[in-house]
>>> print(open('data.cif').read())   # mmCIF, C-alpha atoms and all ligand atoms
data_data
loop_
_atom_site.label_atom_id
_atom_site.label_comp_id
_atom_site.auth_asym_id
_atom_site.auth_seq_id
_atom_site.Cartn_x
_atom_site.Cartn_y
_atom_site.Cartn_z
CA MET A 300 -22.27 -10.99 2.21
CA ALA A 301 -18.71 -11.16 0.91
CA VAL A 302 -15.85 -8.71 0.50
CA LEU A 303 -14.14 -8.38 -2.87
CA VAL A 304 -10.39 -7.78 -2.53
CA THR A 305 -8.81 -6.44 -5.71
CA GLY A 306 -5.05 -6.86 -6.03
CA ALA A 307 -5.36 -9.83 -3.68
CA ALA A 308 -2.30 -11.55 -5.15
CA GLY A 309 -0.14 -8.57 -4.28
CA TYR A 310 1.72 -7.67 -1.13
CA ILE A 311 -0.90 -5.81 0.92
CA GLY A 312 -3.92 -7.54 -0.65
CA SER A 313 -2.62 -10.99 0.33
CA HIS A 314 -2.29 -9.82 3.96
CA MET A 315 -5.80 -8.33 3.82
CA VAL A 316 -7.22 -11.68 2.71
CA LEU A 317 -5.62 -13.29 5.78
CA GLU A 318 -6.95 -10.53 8.03
CA LEU A 319 -10.49 -11.07 6.67
CA LEU A 320 -10.25 -14.85 7.12
CA ASP A 321 -8.91 -14.39 10.66
CA ASN A 322 -11.97 -12.22 11.41
CA GLY A 323 -14.44 -14.77 10.05
CA GLU A 324 -15.25 -12.73 6.93
CA THR A 325 -15.74 -14.11 3.41
CA PRO A 326 -13.12 -12.67 1.06
CA VAL A 327 -13.25 -13.08 -2.72
CA ALA A 328 -10.01 -12.39 -4.61
CA LEU A 329 -9.50 -10.59 -7.93
CA ASP A 330 -6.13 -9.99 -9.58
CA ASN A 331 -4.84 -9.81 -13.14
CA LEU A 332 -1.51 -11.26 -11.96
CA SER A 333 0.40 -8.48 -13.73
CA THR A 334 2.74 -8.37 -10.75
CA GLY A 335 0.93 -10.49 -8.17
CA ARG A 336 1.36 -14.21 -7.58
CA ARG A 337 -1.62 -16.50 -7.29
CA GLU A 338 0.14 -18.57 -4.58
CA ALA A 339 0.11 -15.46 -2.38
CA ILE A 340 -3.67 -15.81 -1.93
CA ALA A 341 -4.69 -17.99 1.03
CA LEU A 342 -5.99 -21.42 0.05
CA GLY A 343 -9.74 -21.88 -0.08
CA VAL A 344 -10.49 -18.30 -1.13
CA PRO A 345 -12.31 -17.96 -4.50
CA VAL A 346 -9.88 -16.38 -6.98
CA HIS A 347 -10.80 -14.53 -10.17
CA ASN A 348 -7.95 -13.96 -12.59
CA GLY A 349 -9.07 -10.77 -14.31
CA ASP A 350 -8.90 -7.02 -14.61
CA ILE A 351 -10.61 -4.35 -12.50
CA GLY A 352 -11.54 -2.61 -15.76
CA ASP A 353 -13.53 -5.61 -17.02
CA GLU A 354 -17.07 -4.45 -16.24
CA ALA A 355 -18.80 -7.68 -17.20
CA LEU A 356 -16.48 -9.73 -15.00
CA ILE A 357 -16.86 -7.39 -12.03
CA ALA A 358 -20.66 -7.38 -12.37
CA ARG A 359 -20.67 -11.19 -12.44
CA ILE A 360 -18.45 -11.41 -9.35
CA ILE A 361 -20.66 -8.96 -7.44
CA HIS A 362 -23.78 -11.00 -8.20
CA ASP A 363 -22.29 -14.49 -7.86
CA HIS A 364 -20.68 -13.77 -4.48
CA ASP A 365 -23.16 -11.25 -3.08
CA ILE A 366 -20.45 -8.61 -2.68
CA ASP A 367 -21.39 -5.64 -0.50
CA THR A 368 -17.89 -4.20 0.03
CA ILE A 369 -14.90 -3.75 -2.25
CA ILE A 370 -11.44 -3.26 -0.79
CA HIS A 371 -9.46 -1.95 -3.72
CA PHE A 372 -5.69 -2.54 -3.73
CA ALA A 373 -5.08 -3.28 -7.42
CA ALA A 374 -2.74 -0.67 -8.89
CA ARG A 375 0.67 -0.03 -10.32
CA ILE A 376 2.67 1.28 -7.42
CA SER A 377 6.13 2.51 -8.35
CA VAL A 378 6.87 6.23 -8.09
CA PRO A 379 9.86 6.16 -10.50
CA GLU A 380 7.99 3.98 -13.02
CA SER A 381 5.06 6.43 -12.97
CA VAL A 382 7.43 9.24 -13.95
CA ILE A 383 8.47 7.22 -17.02
CA ASP A 384 5.01 5.87 -17.93
CA PRO A 385 2.38 8.37 -16.71
CA LEU A 386 -0.23 7.35 -19.31
CA GLY A 387 -0.02 3.70 -18.28
CA TYR A 388 -0.42 4.76 -14.65
CA TYR A 389 -3.46 6.98 -15.31
CA LEU A 390 -5.08 4.19 -17.31
CA ASN A 391 -4.58 1.48 -14.72
CA ASN A 392 -4.90 3.41 -11.47
CA THR A 393 -7.40 6.12 -12.36
CA MET A 394 -9.48 5.19 -15.39
CA LYS A 395 -9.92 1.52 -14.51
CA THR A 396 -10.72 2.46 -10.92
CA ARG A 397 -13.37 4.88 -12.19
CA SER A 398 -14.84 1.97 -14.13
CA LEU A 399 -14.69 -0.29 -11.05
CA ILE A 400 -16.49 2.33 -8.94
CA GLU A 401 -19.17 2.77 -11.60
CA THR A 402 -19.74 -0.98 -11.82
CA ALA A 403 -19.89 -1.15 -8.02
CA VAL A 404 -22.54 1.59 -7.84
CA ARG A 405 -24.60 0.10 -10.69
CA HIS A 406 -24.70 -3.30 -9.04
CA GLY A 407 -25.52 -2.20 -5.51
CA VAL A 408 -22.18 -2.45 -3.70
CA LYS A 409 -22.55 -0.45 -0.48
CA ARG A 410 -18.97 0.26 0.60
CA PHE A 411 -15.63 0.96 -1.06
CA ILE A 412 -12.30 1.04 0.77
CA PHE A 413 -9.51 2.61 -1.24
CA SER A 414 -5.71 2.38 -1.02
CA SER A 415 -4.50 5.94 -1.26
CA THR A 416 -1.02 7.09 -0.44
CA ALA A 417 1.02 9.60 1.53
CA THR A 418 2.60 10.55 -1.80
CA ILE A 419 -0.39 12.80 -2.47
CA TYR A 420 0.91 15.28 0.12
CA GLY A 421 4.01 15.93 -2.01
CA ASP A 422 6.54 18.13 -0.26
CA ALA A 423 4.22 19.12 2.59
CA ALA A 424 5.11 22.21 4.60
CA VAL A 425 4.28 20.50 7.92
CA SER A 426 5.47 17.33 9.60
CA PRO A 427 3.81 15.17 10.81
CA ILE A 428 1.21 15.70 8.08
CA PRO A 429 -2.50 15.89 9.06
CA GLU A 430 -5.18 14.72 6.61
CA ASP A 431 -6.41 18.25 5.90
CA THR A 432 -3.03 19.42 4.60
CA PRO A 433 -3.32 20.80 1.04
CA LEU A 434 -2.63 18.02 -1.44
CA SER A 435 0.01 18.52 -4.11
CA PRO A 436 1.62 15.34 -5.42
CA ILE A 437 5.02 15.70 -7.05
CA ASN A 438 4.79 12.56 -9.17
CA PRO A 439 2.22 10.99 -11.54
CA TYR A 440 1.59 8.01 -9.21
CA GLY A 441 0.38 10.43 -6.52
CA TRP A 442 -1.88 12.23 -8.99
CA THR A 443 -3.49 8.97 -10.12
CA LYS A 444 -4.53 8.37 -6.51
CA LEU A 445 -5.59 11.95 -5.78
CA VAL A 446 -8.03 11.90 -8.71
CA VAL A 447 -9.59 8.67 -7.43
CA GLU A 448 -10.07 10.22 -3.99
CA GLN A 449 -12.10 12.99 -5.64
CA ILE A 450 -14.10 10.53 -7.77
CA LEU A 451 -15.04 8.67 -4.58
CA ARG A 452 -16.15 11.81 -2.75
CA ASP A 453 -18.27 12.96 -5.69
CA THR A 454 -19.75 9.49 -6.20
CA ALA A 455 -20.60 9.16 -2.52
CA ARG A 456 -22.46 12.46 -2.64
CA ALA A 457 -24.38 11.55 -5.80
CA HIS A 458 -25.07 7.85 -5.21
CA GLY A 459 -24.71 7.22 -1.48
CA LEU A 460 -21.71 4.89 -1.80
CA GLN A 461 -19.91 4.69 1.56
CA TYR A 462 -16.16 5.04 1.36
CA ALA A 463 -13.00 4.91 3.39
CA ILE A 464 -9.89 6.47 1.86
CA LEU A 465 -6.81 5.11 3.61
CA ARG A 466 -3.62 7.02 2.93
CA TYR A 467 -0.84 4.55 3.56
CA PHE A 468 2.59 5.74 4.48
CA ASN A 469 5.41 3.27 3.69
CA VAL A 470 4.13 -0.24 4.12
CA ALA A 471 6.67 -2.85 5.19
CA GLY A 472 7.12 -6.07 7.16
CA ALA A 473 5.39 -9.42 6.75
CA ASP A 474 2.73 -11.53 8.41
CA PRO A 475 4.14 -12.37 11.89
CA GLU A 476 3.02 -16.00 11.46
CA GLY A 477 4.99 -16.27 8.22
CA ARG A 478 1.91 -16.88 6.03
CA ALA A 479 2.58 -13.94 3.66
CA GLY A 480 5.15 -11.30 2.83
CA GLN A 481 6.41 -9.06 0.04
CA SER A 482 6.91 -11.29 -2.97
CA THR A 483 5.93 -9.01 -5.85
CA PRO A 484 8.90 -7.34 -7.55
CA THR A 485 9.57 -3.97 -5.95
CA THR A 486 12.17 -1.26 -5.58
CA HIS A 487 11.12 -0.57 -1.97
CA LEU A 488 14.00 0.31 0.32
CA ILE A 489 13.61 -2.47 2.90
CA LYS A 490 13.15 -5.19 0.28
CA VAL A 491 16.22 -3.98 -1.63
CA ALA A 492 18.30 -3.74 1.56
CA LEU A 493 17.33 -7.28 2.55
CA ALA A 494 18.31 -8.51 -0.92
CA ALA A 495 21.74 -7.00 -0.24
CA ALA A 496 21.81 -8.75 3.16
CA LEU A 497 21.12 -12.05 1.39
CA GLY A 498 24.00 -11.43 -1.03
CA GLN A 499 21.57 -11.13 -3.97
CA ARG A 500 22.97 -7.70 -4.83
CA PRO A 501 26.38 -6.19 -4.14
CA HIS A 502 25.23 -2.92 -2.60
CA ILE A 503 22.36 -0.50 -2.16
CA ASP A 504 22.12 3.02 -3.60
CA ILE A 505 21.17 5.86 -1.27
CA PHE A 506 19.15 8.18 -3.50
CA GLY A 507 20.04 11.74 -2.44
CA GLN A 508 22.09 12.91 0.53
CA ASP A 509 21.24 16.60 0.49
CA TYR A 510 17.57 16.61 1.53
CA PRO A 511 16.56 19.03 4.29
CA THR A 512 16.37 16.20 6.85
CA ARG A 513 18.38 15.15 9.91
CA ASP A 514 21.04 13.24 7.97
CA GLY A 515 20.32 14.47 4.43
CA THR A 516 18.47 11.30 3.32
CA CYS A 517 14.69 10.94 2.83
CA VAL A 518 12.52 10.26 5.84
CA ARG A 519 9.52 7.90 5.76
CA ASP A 520 6.99 6.54 8.27
CA TYR A 521 7.25 2.74 7.92
CA VAL A 522 4.04 0.95 8.90
CA HIS A 523 3.71 -2.80 9.44
CA VAL A 524 1.54 -4.47 6.79
CA SER A 525 -0.49 -6.40 9.39
CA ASP A 526 -1.28 -3.23 11.35
CA LEU A 527 -2.34 -1.69 8.05
CA ALA A 528 -4.66 -4.62 7.31
CA GLY A 529 -6.13 -4.07 10.79
CA ALA A 530 -6.85 -0.44 9.87
CA HIS A 531 -9.04 -1.70 6.98
CA SER A 532 -11.03 -3.92 9.35
CA LEU A 533 -11.58 -0.95 11.61
CA ALA A 534 -12.76 1.19 8.69
CA LEU A 535 -15.05 -1.61 7.51
CA ALA A 536 -16.66 -2.01 10.95
CA HIS A 537 -17.13 1.76 11.18
CA LEU A 538 -18.87 1.98 7.80
CA ARG A 539 -21.03 -1.07 8.52
CA ALA A 540 -22.18 0.59 11.73
CA GLY A 541 -23.35 3.54 9.62
CA GLY A 542 -20.40 5.79 10.47
CA ASP A 543 -19.38 8.74 8.32
CA ASN A 544 -17.11 8.31 5.32
CA LEU A 545 -13.44 8.34 6.27
CA THR A 546 -10.16 9.80 5.06
CA LEU A 547 -7.38 8.47 7.28
CA ASN A 548 -3.62 8.58 7.43
CA CYS A 549 -2.16 5.16 8.17
CA GLY A 550 1.22 5.58 9.81
CA TYR A 551 2.80 5.54 13.25
CA GLY A 552 3.74 9.23 13.33
CA ARG A 553 7.50 8.66 13.44
CA GLY A 554 10.01 8.96 10.65
CA ALA A 555 13.11 6.93 9.81
CA SER A 556 15.72 8.13 7.33
CA VAL A 557 17.22 5.92 4.64
CA ARG A 558 20.36 5.71 6.78
CA ASP A 559 18.29 4.75 9.87
CA VAL A 560 16.70 1.93 7.87
CA LEU A 561 20.05 0.64 6.64
CA ALA A 562 21.49 0.72 10.18
CA THR A 563 18.49 -1.28 11.46
CA VAL A 564 18.79 -3.78 8.60
CA ARG A 565 22.45 -4.27 9.55
CA ASP A 566 21.50 -4.83 13.23
CA VAL A 567 18.65 -7.23 12.49
CA THR A 568 20.43 -9.31 9.86
CA GLY A 569 24.00 -9.12 11.19
CA GLN A 570 25.11 -8.47 7.60
CA PRO A 571 27.32 -5.53 6.58
CA ILE A 572 25.19 -4.09 3.63
CA ASN A 573 27.36 -1.97 1.38
CA SER A 574 25.81 1.32 0.40
CA ARG A 575 26.87 3.98 -2.06
CA ASN A 576 25.71 7.53 -2.59
CA ALA A 577 23.57 8.02 -5.70
CA PRO A 578 21.73 11.05 -7.14
CA ARG A 579 18.22 11.91 -5.99
CA ARG A 580 15.47 9.76 -7.50
CA ASP A 581 12.81 11.62 -9.51
CA GLY A 582 9.55 12.25 -7.65
CA ASP A 583 10.79 11.59 -4.08
CA PRO A 584 9.47 13.96 -1.38
CA ALA A 585 12.03 14.68 1.38
CA SER A 586 9.88 13.60 4.30
CA LEU A 587 6.53 11.83 4.77
CA VAL A 588 5.45 11.27 8.35
CA ALA A 589 1.80 10.74 9.34
CA ALA A 590 -0.17 12.77 11.82
CA ASN A 591 -2.30 9.86 13.04
CA ALA A 592 -4.66 11.33 15.66
CA ARG A 593 -7.69 10.58 13.46
CA ILE A 594 -7.08 6.85 13.07
CA LEU A 595 -6.06 6.48 16.73
CA ALA A 596 -9.32 8.19 17.74
CA LEU A 597 -11.20 5.60 15.67
CA GLY A 598 -9.62 2.90 17.84
CA TRP A 599 -6.61 1.72 15.82
CA LYS A 600 -4.25 -0.24 18.07
CA PRO A 601 -1.05 -1.00 16.20
CA ARG A 602 0.81 -4.09 17.41
CA PHE A 603 4.12 -3.74 15.56
CA ASP A 604 5.10 -0.08 15.88
CA SER A 605 8.86 -0.75 15.81
CA LEU A 606 11.29 -0.57 12.90
CA PRO A 607 13.39 -3.53 14.18
CA VAL A 608 10.23 -5.68 14.47
CA ILE A 609 9.04 -4.66 10.99
CA ILE A 610 12.44 -5.47 9.51
CA SER A 611 12.80 -8.76 11.39
CA HIS A 612 9.41 -9.98 10.09
CA ALA A 613 10.42 -8.97 6.55
CA TRP A 614 13.81 -10.69 7.04
CA GLU A 615 12.18 -13.97 8.09
CA TRP A 616 10.04 -13.84 4.95
CA GLU A 617 12.95 -13.01 2.62
CA ARG A 618 15.06 -15.84 4.03
CA ARG A 619 12.21 -18.23 3.41
CA LEU A 620 11.85 -17.01 -0.22
CA ALA A 621 15.58 -17.14 -0.93
CA PRO A 622 16.69 -20.10 -3.03
CA GLY A 623 18.13 -22.87 -0.88
N1 LIG B 701 3.37 -0.71 -0.68
C1 LIG B 701 3.28 0.52 -0.21
O1 LIG B 701 4.16 1.01 0.51
C2 LIG B 701 2.07 1.35 -0.55
C3 LIG B 701 1.99 2.63 0.00
C4 LIG B 701 0.87 3.41 -0.30
C5 LIG B 701 -0.16 2.90 -1.07
N2 LIG B 701 -0.05 1.65 -1.58
C6 LIG B 701 -1.16 1.15 -2.39
O2 LIG B 701 -1.58 -0.11 -1.87
C7 LIG B 701 -2.09 -0.93 -2.93
C8 LIG B 701 -1.43 -2.29 -2.89
O3 LIG B 701 -0.02 -2.13 -3.02
P1 LIG B 701 0.97 -3.37 -2.94
O4 LIG B 701 2.22 -2.87 -2.30
O5 LIG B 701 0.27 -4.55 -2.36
O6 LIG B 701 1.26 -3.60 -4.49
P2 LIG B 701 1.45 -4.97 -5.33
O7 LIG B 701 2.06 -4.60 -6.63
O8 LIG B 701 2.11 -6.00 -4.48
O9 LIG B 701 -0.05 -5.43 -5.55
C9 LIG B 701 -0.88 -4.87 -6.53
C10 LIG B 701 -1.66 -6.01 -7.16
O10 LIG B 701 -2.61 -5.47 -8.07
C11 LIG B 701 -2.63 -6.30 -9.22
N3 LIG B 701 -3.14 -5.43 -10.32
C12 LIG B 701 -2.56 -4.33 -10.84
N4 LIG B 701 -3.35 -3.79 -11.78
C13 LIG B 701 -4.46 -4.57 -11.85
C14 LIG B 701 -5.65 -4.51 -12.64
N5 LIG B 701 -5.83 -3.57 -13.56
N6 LIG B 701 -6.59 -5.47 -12.46
C15 LIG B 701 -6.41 -6.46 -11.53
N7 LIG B 701 -5.31 -6.56 -10.77
C16 LIG B 701 -4.35 -5.62 -10.93
C17 LIG B 701 -1.22 -6.78 -9.40
O11 LIG B 701 -1.12 -7.98 -10.16
C18 LIG B 701 -0.79 -6.98 -7.94
O12 LIG B 701 -1.06 -8.30 -7.50
C19 LIG B 701 -1.84 -0.14 -4.21
O13 LIG B 701 -3.03 0.50 -4.58
C20 LIG B 701 -0.79 0.88 -3.83
O14 LIG B 701 -0.88 2.03 -4.61
C21 LIG B 701 1.03 0.86 -1.35
O1 LIG B 702 17.27 1.38 -3.39
C1 LIG B 702 16.71 2.31 -2.79
C2 LIG B 702 15.29 2.36 -2.64
C3 LIG B 702 14.74 3.45 -2.00
N1 LIG B 702 15.53 4.45 -1.51
C4 LIG B 702 14.90 5.60 -0.82
O2 LIG B 702 14.14 5.10 0.26
C5 LIG B 702 12.97 5.90 0.45
C6 LIG B 702 11.76 5.01 0.41
O3 LIG B 702 11.61 4.54 -0.94
P1 LIG B 702 10.62 3.34 -1.34
O4 LIG B 702 10.87 3.05 -2.77
O5 LIG B 702 10.76 2.24 -0.35
O6 LIG B 702 9.18 3.95 -1.11
P2 LIG B 702 8.55 5.33 -1.60
O7 LIG B 702 8.57 6.28 -0.43
O8 LIG B 702 9.12 5.79 -2.87
O9 LIG B 702 7.05 4.90 -1.94
C7 LIG B 702 6.27 3.99 -1.18
O10 LIG B 702 5.52 4.67 -0.21
C8 LIG B 702 4.73 5.69 -0.72
C9 LIG B 702 3.98 6.28 0.45
O11 LIG B 702 4.83 7.08 1.23
C10 LIG B 702 3.84 5.22 -1.87
O12 LIG B 702 2.55 5.06 -1.63
C11 LIG B 702 4.39 4.14 -2.77
O13 LIG B 702 3.38 3.28 -3.29
C12 LIG B 702 5.35 3.24 -2.12
O14 LIG B 702 6.09 2.65 -3.16
C13 LIG B 702 12.98 6.95 -0.68
O15 LIG B 702 13.51 8.12 -0.17
C14 LIG B 702 13.95 6.36 -1.71
O16 LIG B 702 14.64 7.33 -2.45
C15 LIG B 702 16.91 4.41 -1.65
O17 LIG B 702 17.61 5.34 -1.22
N2 LIG B 702 17.46 3.34 -2.28
#
>>> encode(input="data.cif", output="structure tokens", more="lines below")
Ligand SMILES: NC(=O)c1ccc[n+]([C@@H]2O[C@H](COP(=O)([O-])OP(=O)(O)OC[C@H]3O[C@@H](n4cnc5c(N)ncnc54)[C@H](O)[C@@H]3O)[C@@H](O)[C@H]2O)c1
Ligand SMILES: O=c1ccn([C@@H]2O[C@H](COP(=O)(O)OP(=O)(O)O[C@H]3O[C@H](CO)[C@H](O)[C@H](O)[C@H]3O)[C@@H](O)[C@H]2O)c(=O)[nH]1
Amino acid sequence: MAVLVTGAAGYIGSHMVLELLDNGETPVALDNLSTGRREAIALGVPVHNGDIGDEALIARIIHDHDIDTIIHFAARISVPESVIDPLGYYLNNTMKTRSLIETAVRHGVKRFIFSSTATIYGDAAVSPIPEDTPLSPINPYGWTKLVVEQILRDTARAHGLQYAILRYFNVAGADPEGRAGQSTPTTHLIKVALAAALGQRPHIDIFGQDYPTRDGTCVRDYVHVSDLAGAHSLALAHLRAGGDNLTLNCGYGRGASVRDVLATVRDVTGQPINSRNAPRRDGDPASLVAANARILALGWKPRFDSLPVIISHAWEWERRLAPG
């Protein structure tokens, strides 16, 4: 039996492929390379260059590779871009995922692990945020994911598909052995700050300084990408053992503000990093910090729960990518 990883050429998917290989599993990669890079996928893994919405292709992959689990990362992922292009986001993230789930059910796939997001909590009234907090996204990206969560719950009830919904908080860092990192284009804070540290940009904008947080800038729970990949393995083992379907926050339960992140990037890199105050960015919740009792109770043992460690792994990767 093999595991189909969609979005395998992207940031998190490429780490998941490594995690599966490290655990002796048989990953099969699918990506349309819209943002991903084929070189990001570990050598020796079968790669299909195609779209999650291509039913005939997905059916063929399921049969040819004897796929019993799909780990679904493929998506468009930018909050600000989703505000500008909501229809494109609903098409790619919601409608094509609906099609992928239908193809999976039709062709006997047993388990589906889905990349959801903390963004679906919107401006939550509590912090840290438990999984049963009412969901109210404040941007289209979050809505595209919330709808898929509901499709999965309804499909599981009707067709017996097992699922794990993993709500990632802010994923960062890179493989500690240097085999993978963030190489898709992104506006993520740590990536942008490291580009400034490398002299690839003159400064970084701090979007909003008047949020109701400790220092007025947005607070996020940054989780190491390899710990996140480990959470998927845990969910997979749980479902294989016949455990109940899961909805889990993936975060460490501690928040760092934009200013905290910039200070840590300065410490880790030894570079000054110029910043300037900029207006709030559309669709940004003030604070997203995970209540993580559920995933800890399942046995999650994070290894890199430290902002300096996360940033130093990302820094090693960025220096390797940098020209020269
Ligand atoms: N990075 C984060 O902080 C974060 C946080 C929460 C949730 N997520 C979710 O995790 C998943 C992976 O995110 P990432 O950071 O690795 O993003 P990424 O952009 O690096 O990877 C996404 C990959 O999906 C591929 N893709 C997009 N649409 C496709 C389609 N229709 N068919 C086939 N391939 C397609 C892209 O080419 C890319 O390689 C996404 O679902 C995202 O919403 C990410
Ligand atoms: O140049 C920048 C980039 C970001 N930020 C701020 O830094 C914080 C983090 O922003 P990111 O762009 O790094 O990440 P987001 O919180 O917007 O979103 C990320 O994490 C979410 C989960 O919390 C989603 O799932 C989403 O896919 C993923 O992009 C935000 O307050 C943002 O305004 C800046 O101030 N300047």
>>> residues_near_ligand(input="data.cif", ligand="ligand LIG 702 (chain B)", cutoff="8 Å", atoms="all atoms listed in the file", output="PDB file with C-alpha atoms, keeping the file's coordinate frame")
ATOM      1  CA  ILE A 376       2.670   1.280  -7.420  1.00  0.00           C
ATOM      2  CA  SER A 377       6.130   2.510  -8.350  1.00  0.00           C
ATOM      3  CA  VAL A 378       6.870   6.230  -8.090  1.00  0.00           C
ATOM      4  CA  PRO A 379       9.860   6.160 -10.500  1.00  0.00           C
ATOM      5  CA  SER A 415      -4.500   5.940  -1.260  1.00  0.00           C
ATOM      6  CA  THR A 416      -1.020   7.090  -0.440  1.00  0.00           C
ATOM      7  CA  ALA A 417       1.020   9.600   1.530  1.00  0.00           C
ATOM      8  CA  THR A 418       2.600  10.550  -1.800  1.00  0.00           C
ATOM      9  CA  TYR A 440       1.590   8.010  -9.210  1.00  0.00           C
ATOM     10  CA  GLY A 441       0.380  10.430  -6.520  1.00  0.00           C
ATOM     11  CA  ARG A 466      -3.620   7.020   2.930  1.00  0.00           C
ATOM     12  CA  TYR A 467      -0.840   4.550   3.560  1.00  0.00           C
ATOM     13  CA  PHE A 468       2.590   5.740   4.480  1.00  0.00           C
ATOM     14  CA  ASN A 469       5.410   3.270   3.690  1.00  0.00           C
ATOM     15  CA  VAL A 470       4.130  -0.240   4.120  1.00  0.00           C
ATOM     16  CA  THR A 485       9.570  -3.970  -5.950  1.00  0.00           C
ATOM     17  CA  THR A 486      12.170  -1.260  -5.580  1.00  0.00           C
ATOM     18  CA  HIS A 487      11.120  -0.570  -1.970  1.00  0.00           C
ATOM     19  CA  LEU A 488      14.000   0.310   0.320  1.00  0.00           C
ATOM     20  CA  ILE A 489      13.610  -2.470   2.900  1.00  0.00           C
ATOM     21  CA  LYS A 490      13.150  -5.190   0.280  1.00  0.00           C
ATOM     22  CA  VAL A 491      16.220  -3.980  -1.630  1.00  0.00           C
ATOM     23  CA  ALA A 492      18.300  -3.740   1.560  1.00  0.00           C
ATOM     24  CA  ILE A 503      22.360  -0.500  -2.160  1.00  0.00           C
ATOM     25  CA  ASP A 504      22.120   3.020  -3.600  1.00  0.00           C
ATOM     26  CA  ILE A 505      21.170   5.860  -1.270  1.00  0.00           C
ATOM     27  CA  PHE A 506      19.150   8.180  -3.500  1.00  0.00           C
ATOM     28  CA  GLY A 507      20.040  11.740  -2.440  1.00  0.00           C
ATOM     29  CA  THR A 516      18.470  11.300   3.320  1.00  0.00           C
ATOM     30  CA  CYS A 517      14.690  10.940   2.830  1.00  0.00           C
ATOM     31  CA  VAL A 518      12.520  10.260   5.840  1.00  0.00           C
ATOM     32  CA  ARG A 519       9.520   7.900   5.760  1.00  0.00           C
ATOM     33  CA  ASP A 520       6.990   6.540   8.270  1.00  0.00           C
ATOM     34  CA  SER A 556      15.720   8.130   7.330  1.00  0.00           C
ATOM     35  CA  VAL A 557      17.220   5.920   4.640  1.00  0.00           C
ATOM     36  CA  ALA A 577      23.570   8.020  -5.700  1.00  0.00           C
ATOM     37  CA  ARG A 579      18.220  11.910  -5.990  1.00  0.00           C
ATOM     38  CA  ARG A 580      15.470   9.760  -7.500  1.00  0.00           C
ATOM     39  CA  ASP A 583      10.790  11.590  -4.080  1.00  0.00           C
ATOM     40  CA  PRO A 584       9.470  13.960  -1.380  1.00  0.00           C
ATOM     41  CA  ALA A 585      12.030  14.680   1.380  1.00  0.00           C
ATOM     42  CA  SER A 586       9.880  13.600   4.300  1.00  0.00           C
ATOM     43  CA  LEU A 587       6.530  11.830   4.770  1.00  0.00           C
TER      44      LEU A 587
END
>>> residues_around(input="data.cif", residues="His502 in chain A", least_positions_apart="3", cutoff="8 Å", atoms="all atoms listed in the file", output="PDB file with C-alpha atoms, in the coordinates of the input")
ATOM      1  CA  ALA A 495      21.740  -7.000  -0.240  1.00  0.00           C
ATOM      2  CA  ILE A 572      25.190  -4.090   3.630  1.00  0.00           C
ATOM      3  CA  ASN A 573      27.360  -1.970   1.380  1.00  0.00           C
ATOM      4  CA  SER A 574      25.810   1.320   0.400  1.00  0.00           C
ATOM      5  CA  ARG A 575      26.870   3.980  -2.060  1.00  0.00           C
TER       6      ARG A 575
END
>>> residues_near_ligand(input="data.cif", ligand="ligand LIG 701 (chain B)", cutoff="6 Å", atoms="only C-alpha atoms and all ligand atoms", output="ChimeraX atom specification")
/A:306-312,330-335,349-351,372-376,391,414-416,467-470,483
>>> closest_residue(input="data.cif", among="A:Gly459, A:Gly407, A:Gly387, A:Gly343", to="Asp365 in chain A", atoms="all atoms listed in the file")
A:Gly407
>>> closest_residue(input="data.cif", among="A:Leu319, A:Leu342, A:Leu535, A:Leu434", to="Asp367 in chain A", atoms="only C-alpha atoms")
A:Leu535
>>> atom_distance(input="data.cif", atom1="CA of Asp581 in chain A", atom2="CA of Ile437 in chain A")
9.1 Å
>>> closest_residue(input="data.cif", among="A:Ile609, A:Asn438, A:Ile370, A:Gly515", to="Pro385 in chain A", atoms="all atoms listed in the file")
A:Asn438
>>> atom_distance(input="data.cif", atom1="CA of Gly550 in chain A", atom2="CA of Val408 in chain A")
28.2 Å
>>> residues_around(input="data.cif", residues="Gly552 in chain A", least_positions_apart="4", cutoff="7 Å", atoms="all atoms listed in the file", output="ChimeraX atom specification")
/A:427,520,588-591
>>> write_last_selection(input="data.cif", atoms="C-alpha atoms", output="PDB file, keeping the file's coordinate frame")
ATOM      1  CA  PRO A 427       3.810  15.170  10.810  1.00  0.00           C
ATOM      2  CA  ASP A 520       6.990   6.540   8.270  1.00  0.00           C
ATOM      3  CA  VAL A 588       5.450  11.270   8.350  1.00  0.00           C
ATOM      4  CA  ALA A 589       1.800  10.740   9.340  1.00  0.00           C
ATOM      5  CA  ALA A 590      -0.170  12.770  11.820  1.00  0.00           C
ATOM      6  CA  ASN A 591      -2.300   9.860  13.040  1.00  0.00           C
TER       7      ASN A 591
END
